[in-house]
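As stored in run-v8.cif (mmCIF, C-alpha atoms):
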```cif
data_data
#
loop_
_atom_site.label_atom_id
_atom_site.label_comp_id
_atom_site.auth_asym_id
_atom_site.auth_seq_id
_atom_site.Cartn_x
_atom_site.Cartn_y
_atom_site.Cartn_z
CA MET A 1 -3.02 23.89 6.24
CA ALA A 2 -6.04 22.93 4.21
CA ALA A 3 -3.95 20.78 1.85
CA ASN A 4 -2.54 18.72 4.72
CA ALA A 5 -6.05 18.26 6.14
CA ALA A 6 -7.31 17.05 2.75
CA LEU A 7 -4.40 14.63 2.42
CA SER A 8 -5.02 13.40 5.97
CA LYS A 9 -8.70 12.72 5.31
CA ASN A 10 -7.82 10.76 2.17
CA LEU A 11 -5.07 8.81 3.96
CA THR A 12 -7.48 7.83 6.70
CA PHE A 13 -10.01 6.57 4.15
CA TRP A 14 -7.57 4.65 1.93
CA HIS A 15 -5.91 3.00 4.91
CA TRP A 16 -9.30 1.88 6.30
CA TYR A 17 -11.07 0.96 3.03
CA PRO A 18 -9.64 -2.56 2.60
CA GLU A 19 -11.60 -3.58 5.71
CA LEU A 20 -14.78 -2.98 3.74
CA LEU A 21 -13.48 -4.67 0.60
CA VAL A 22 -12.55 -7.96 2.29
CA GLN A 23 -15.63 -8.38 4.48
CA GLY A 24 -16.95 -11.92 4.21
CA LEU A 25 -14.15 -13.22 1.97
CA ALA A 26 -12.80 -16.70 2.67
CA PRO A 27 -9.04 -17.35 2.84
CA GLU A 28 -9.11 -19.13 -0.53
CA GLN A 29 -10.81 -16.10 -2.11
CA LEU A 30 -8.15 -13.79 -0.64
CA ARG A 31 -5.39 -15.93 -2.18
CA TRP A 32 -7.10 -16.73 -5.53
CA GLN A 33 -5.17 -15.62 -8.62
CA PRO A 34 -7.12 -15.05 -11.85
CA GLU A 35 -5.89 -16.91 -14.90
CA GLY A 36 -3.45 -14.66 -16.74
CA HIS A 37 -2.94 -12.34 -13.74
CA ASP A 38 -0.30 -12.85 -11.07
CA THR A 39 -1.88 -10.89 -8.25
CA SER A 40 -4.34 -11.93 -5.54
CA ILE A 41 -6.44 -9.86 -3.18
CA LEU A 42 -4.06 -10.61 -0.32
CA PHE A 43 -0.98 -9.67 -2.35
CA ALA A 44 -2.53 -6.47 -3.75
CA ILE A 45 -3.34 -5.24 -0.24
CA TRP A 46 0.00 -6.33 1.24
CA HIS A 47 1.94 -4.73 -1.64
CA ALA A 48 0.01 -1.44 -1.46
CA TYR A 49 0.67 -0.86 2.24
CA ARG A 50 4.21 -2.29 2.35
CA GLY A 51 5.03 -0.01 -0.59
CA ALA A 52 3.52 3.07 1.03
CA ASP A 53 5.28 2.24 4.29
CA GLU A 54 8.76 1.74 2.80
CA LEU A 55 8.58 4.61 0.30
CA ILE A 56 7.04 7.26 2.53
CA HIS A 57 9.01 6.44 5.66
CA GLY A 58 12.30 5.85 3.88
CA MET A 59 12.21 8.46 1.15
CA VAL A 60 9.95 11.22 2.49
CA MET A 61 10.37 10.96 6.26
CA THR A 62 13.90 9.48 6.20
CA ARG A 63 13.13 7.17 9.10
CA PRO A 64 12.57 3.43 9.50
CA SER A 65 9.34 1.94 8.19
CA VAL A 66 6.44 1.00 10.45
CA PHE A 67 7.18 -2.60 9.42
CA ALA A 68 10.69 -2.34 10.92
CA SER A 69 10.10 0.04 13.82
CA GLN A 70 6.95 -1.64 15.18
CA ASP A 71 8.10 -5.27 14.65
CA TRP A 72 5.50 -6.15 12.05
CA ALA A 73 7.78 -8.90 10.71
CA ALA A 74 6.59 -11.04 13.63
CA ARG A 75 2.94 -10.36 12.78
CA LEU A 76 3.29 -10.44 8.97
CA PRO A 77 6.01 -13.05 8.39
CA VAL A 78 6.71 -12.58 4.70
CA GLU A 79 10.02 -13.73 3.33
CA ARG A 80 11.38 -11.33 0.76
CA ILE A 81 9.52 -11.89 -2.47
CA GLY A 82 10.40 -10.04 -5.62
CA VAL A 83 13.11 -7.42 -5.89
CA THR A 84 11.81 -4.90 -3.35
CA PRO A 85 10.64 -5.29 0.27
CA PHE A 86 7.10 -4.83 -1.08
CA GLY A 87 7.12 -7.48 -3.79
CA ASN A 88 7.89 -5.77 -7.11
CA GLY A 89 8.95 -8.44 -9.59
CA ALA A 90 7.42 -11.30 -7.59
CA SER A 91 6.50 -14.38 -9.61
CA ARG A 92 3.02 -15.87 -9.76
CA GLU A 93 4.26 -18.73 -7.59
CA GLN A 94 5.72 -16.38 -4.96
CA ILE A 95 2.49 -14.39 -4.86
CA GLY A 96 0.47 -17.61 -4.60
CA ARG A 97 2.48 -18.70 -1.53
CA LEU A 98 1.75 -15.47 0.35
CA ASP A 99 -0.29 -16.61 3.34
CA ILE A 100 -0.71 -14.04 6.10
CA SER A 101 -3.52 -13.08 8.43
CA ILE A 102 -5.93 -10.64 6.81
CA ASP A 103 -6.72 -9.19 10.24
CA GLU A 104 -3.03 -8.47 10.88
CA LEU A 105 -2.68 -7.01 7.38
CA LEU A 106 -5.64 -4.67 7.94
CA ALA A 107 -4.15 -3.59 11.29
CA TYR A 108 -0.84 -2.93 9.52
CA ALA A 109 -2.56 -0.82 6.84
CA LYS A 110 -4.09 1.33 9.58
CA ALA A 111 -0.77 1.61 11.44
CA VAL A 112 0.96 2.80 8.27
CA GLY A 113 -1.79 5.38 7.67
CA GLU A 114 -1.64 6.60 11.26
CA SER A 115 2.13 7.03 11.09
CA ILE A 116 1.97 8.95 7.82
CA ASN A 117 -0.88 11.08 9.18
CA GLY A 118 1.18 11.90 12.29
CA TYR A 119 4.05 13.02 10.09
CA LEU A 120 1.74 15.01 7.85
CA ALA A 121 0.29 16.86 10.86
CA SER A 122 3.79 17.98 11.85
CA LEU A 123 4.79 19.12 8.35
CA SER A 124 5.06 22.85 7.70
CA ASP A 125 4.06 24.25 4.32
CA ASP A 126 7.73 24.79 3.47
CA GLU A 127 8.64 21.22 4.41
CA ALA A 128 5.69 19.87 2.43
CA ALA A 129 6.93 21.78 -0.62
CA GLU A 130 10.54 20.49 -0.42
CA GLU A 131 11.40 18.52 -3.56
CA LEU A 132 12.59 14.93 -3.55
CA ALA A 133 14.42 13.09 -6.31
CA LEU A 134 12.80 9.88 -7.54
CA PRO A 135 15.56 8.44 -9.73
CA PHE A 136 13.80 5.06 -10.05
CA PHE A 137 11.06 6.81 -12.07
CA THR A 138 13.47 8.43 -14.55
CA GLY A 139 12.66 7.08 -17.99
CA VAL A 140 9.64 5.15 -16.67
CA TYR A 141 7.17 7.92 -15.85
CA PRO A 142 8.12 11.12 -17.71
CA GLY A 143 8.02 14.21 -15.54
CA VAL A 144 7.67 12.29 -12.28
CA ASP A 145 11.33 11.97 -11.36
CA ARG A 146 10.99 14.83 -8.84
CA MET A 147 8.09 15.79 -6.59
CA SER A 148 7.44 17.57 -3.32
CA ARG A 149 7.06 15.72 -0.02
CA ALA A 150 3.29 16.34 -0.11
CA GLU A 151 3.07 15.12 -3.71
CA ALA A 152 5.04 11.97 -2.81
CA ILE A 153 2.68 11.24 0.08
CA ALA A 154 -0.34 11.68 -2.20
CA PHE A 155 1.28 9.65 -4.99
CA PHE A 156 2.44 6.64 -2.96
CA ALA A 157 0.11 6.52 0.07
CA ILE A 158 -3.10 7.46 -1.77
CA GLY A 159 -2.69 7.04 -5.54
CA HIS A 160 -0.64 3.84 -5.52
CA THR A 161 -2.79 2.41 -2.74
CA SER A 162 -6.07 3.15 -4.53
CA GLU A 163 -4.65 1.62 -7.73
CA HIS A 164 -4.12 -1.70 -5.94
CA LEU A 165 -7.44 -1.56 -4.14
CA GLY A 166 -8.95 -1.27 -7.63
CA GLU A 167 -7.26 -4.61 -8.36
CA VAL A 168 -9.00 -6.02 -5.29
CA GLN A 169 -12.34 -4.87 -6.70
CA PHE A 170 -11.47 -6.34 -10.12
CA ILE A 171 -10.65 -9.73 -8.60
CA LYS A 172 -13.85 -9.67 -6.55
CA GLY A 173 -15.73 -9.04 -9.80
CA LEU A 174 -14.04 -12.04 -11.41
CA LEU A 175 -15.16 -14.08 -8.39
CA GLY A 176 -18.75 -13.02 -9.16
CA MET A 177 -19.00 -10.49 -6.33
CA LYS A 178 -19.65 -6.78 -6.20
CA GLY A 179 -16.26 -5.06 -6.08
CA ALA A 180 -17.21 -1.99 -4.06
CA PRO A 181 -20.34 -1.02 -2.14
CA LEU A 182 -21.39 1.66 -4.63
#
```
Since I need it in another form, could you write the structure as structure tokens?
Amino acid sequence: MAANAALSKNLTFWHWYPELLVQGLAPEQLRWQPEGHDTSILFAIWHAYRGADELIHGMVMTRPSVFASQDWAARLPVERIGVTPFGNGASREQIGRLDISIDELLAYAKAVGESINGYLASLSDDEAAEELALPFFTGVYPGVDRMSRAEAIAFFAIGHTSEHLGEVQFIKGLLGMKGAPL
């Protein structure tokens, strides 16, 4: 299962990488919102991993999220913001009020990655190829309203995550810092 091994290696990286990106940042830097942009470093990281958790566990694995099954609500007490459990549609003010422990958030990101990796290791080639319907993408992203389980894992737990970690690097740049080590 070379494809599963490649996905696993990427998952491990993308669920560890925020540790490197937030090294040395002060709480006010984590919560800072650029003028004209709603997001913050803290929100981008929280949203990326809450999204991967809810979408992969609920839609691909058909089981409860890590957030629900491992009682992360006690460690990451976030009232529902936006229209989804992971903050889509949140206002600038809601995002600005997000105040959670970065250490807990980084631990959560790793826990989500470990859970998805465990599932991926158990997935046969046939199961990985099973198609899923993504009706919420119909009309939004042409041609992406169906994908296999493996594609959904790559899309939401790697692609979507890396997109938001790019936002983290962008915000660091606006703060006058180097976004990534390279």
**Study point:** Residue nearest Gly118 in chain A - candidates A:Leu25, A:Met61, A:Leu55, A:Ile95, atoms counted: only C-alpha atoms
**Key:**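 So, comparing all the options, the nearest one is A:Met61.
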Practice item. Find the residue from A:Phe156, A:Tyr141, A:Tyr108, A:Trp46 that sits nearest to Val78 in chain A; use all atoms listed in the file when measuring. Key: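 Closest candidate: A:Trp46.
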Review point. Just so the selection is clear, what residues does the PyMOL selection byres ((chain A and resi 145) around 8) cover here, as a PyMOL selection string?
Key: chain A and resi 133-138+141-144+146-147
Expand the PyMOL selection byres ((chain A and resi 104) around 12) into the individual residues it matches in the shown file, reporting them as a compact mmCIF listing (two decimals) with C-alpha atoms, in the coordinates of the input.
```
# COMPACT_ATOMS: atom_id res chain seq x y z
CA GLU A 19 -11.60 -3.58 5.71
CA LEU A 42 -4.06 -10.61 -0.32
CA ILE A 45 -3.34 -5.24 -0.24
CA TRP A 46 0.00 -6.33 1.24
CA PHE A 67 7.18 -2.60 9.42
CA TRP A 72 5.50 -6.15 12.05
CA ALA A 73 7.78 -8.90 10.71
CA ALA A 74 6.59 -11.04 13.63
CA ARG A 75 2.94 -10.36 12.78
CA LEU A 76 3.29 -10.44 8.97
CA PRO A 77 6.01 -13.05 8.39
CA ASP A 99 -0.29 -16.61 3.34
CA ILE A 100 -0.71 -14.04 6.10
CA SER A 101 -3.52 -13.08 8.43
CA ILE A 102 -5.93 -10.64 6.81
CA ASP A 103 -6.72 -9.19 10.24
CA LEU A 105 -2.68 -7.01 7.38
CA LEU A 106 -5.64 -4.67 7.94
CA ALA A 107 -4.15 -3.59 11.29
CA TYR A 108 -0.84 -2.93 9.52
CA ALA A 109 -2.56 -0.82 6.84
CA LYS A 110 -4.09 1.33 9.58
CA ALA A 111 -0.77 1.61 11.44
```
Point to revise | Residue IDs satisfying the PyMOL selection byres ((chain A and resi 167-180) around 7), as number ranges by chain | key: A: 21, 41, 44, 163-166, 181-182
Check your understanding: What is the distance, in Å and to one decimal place, between CA of Ala3 in chain A and CA of Ser162 in chain A?
Key -> 18.9 Å
Check your understanding: Interatomic distance between CA of Asp38 in chain A and CA of Gly51 in chain A?
Key ->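 Atom-to-atom, CA of Asp38 in chain A to CA of Gly51 in chain A, that is 17.4 Å.
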Review point. By how many Å are CA of Ser122 in chain A and CA of Thr161 in chain A apart?
Key: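 These atoms are spaced 22.3 Å apart.
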**Study point:** Nearest to Glu127 in chain A, chosen from A:Gly113, A:Asn4, A:Ser40, A:Ile158, with only C-alpha atoms counted in the distances
**Key:**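 Under the stated criterion, the closest residue is A:Asn4.
Using all atoms listed in the file, the shortest contact distance between Ala154 in chain A and any of A:Leu120, A:Gly96, A:Val22, A:Asp125 is found at A:Leu120.
For the residues A:Val140, A:Leu123, A:Ala68, A:Ala26, ranking by smallest atom-to-atom distance to Leu7 in chain A using only C-alpha atoms places A:Leu123 first.
Considering the residues A:Ile81, A:Gly58, A:Ser65, A:Arg92 and counting all atoms listed in the file, Gln33 in chain A has its shortest atom-to-atom contact with A:Arg92.
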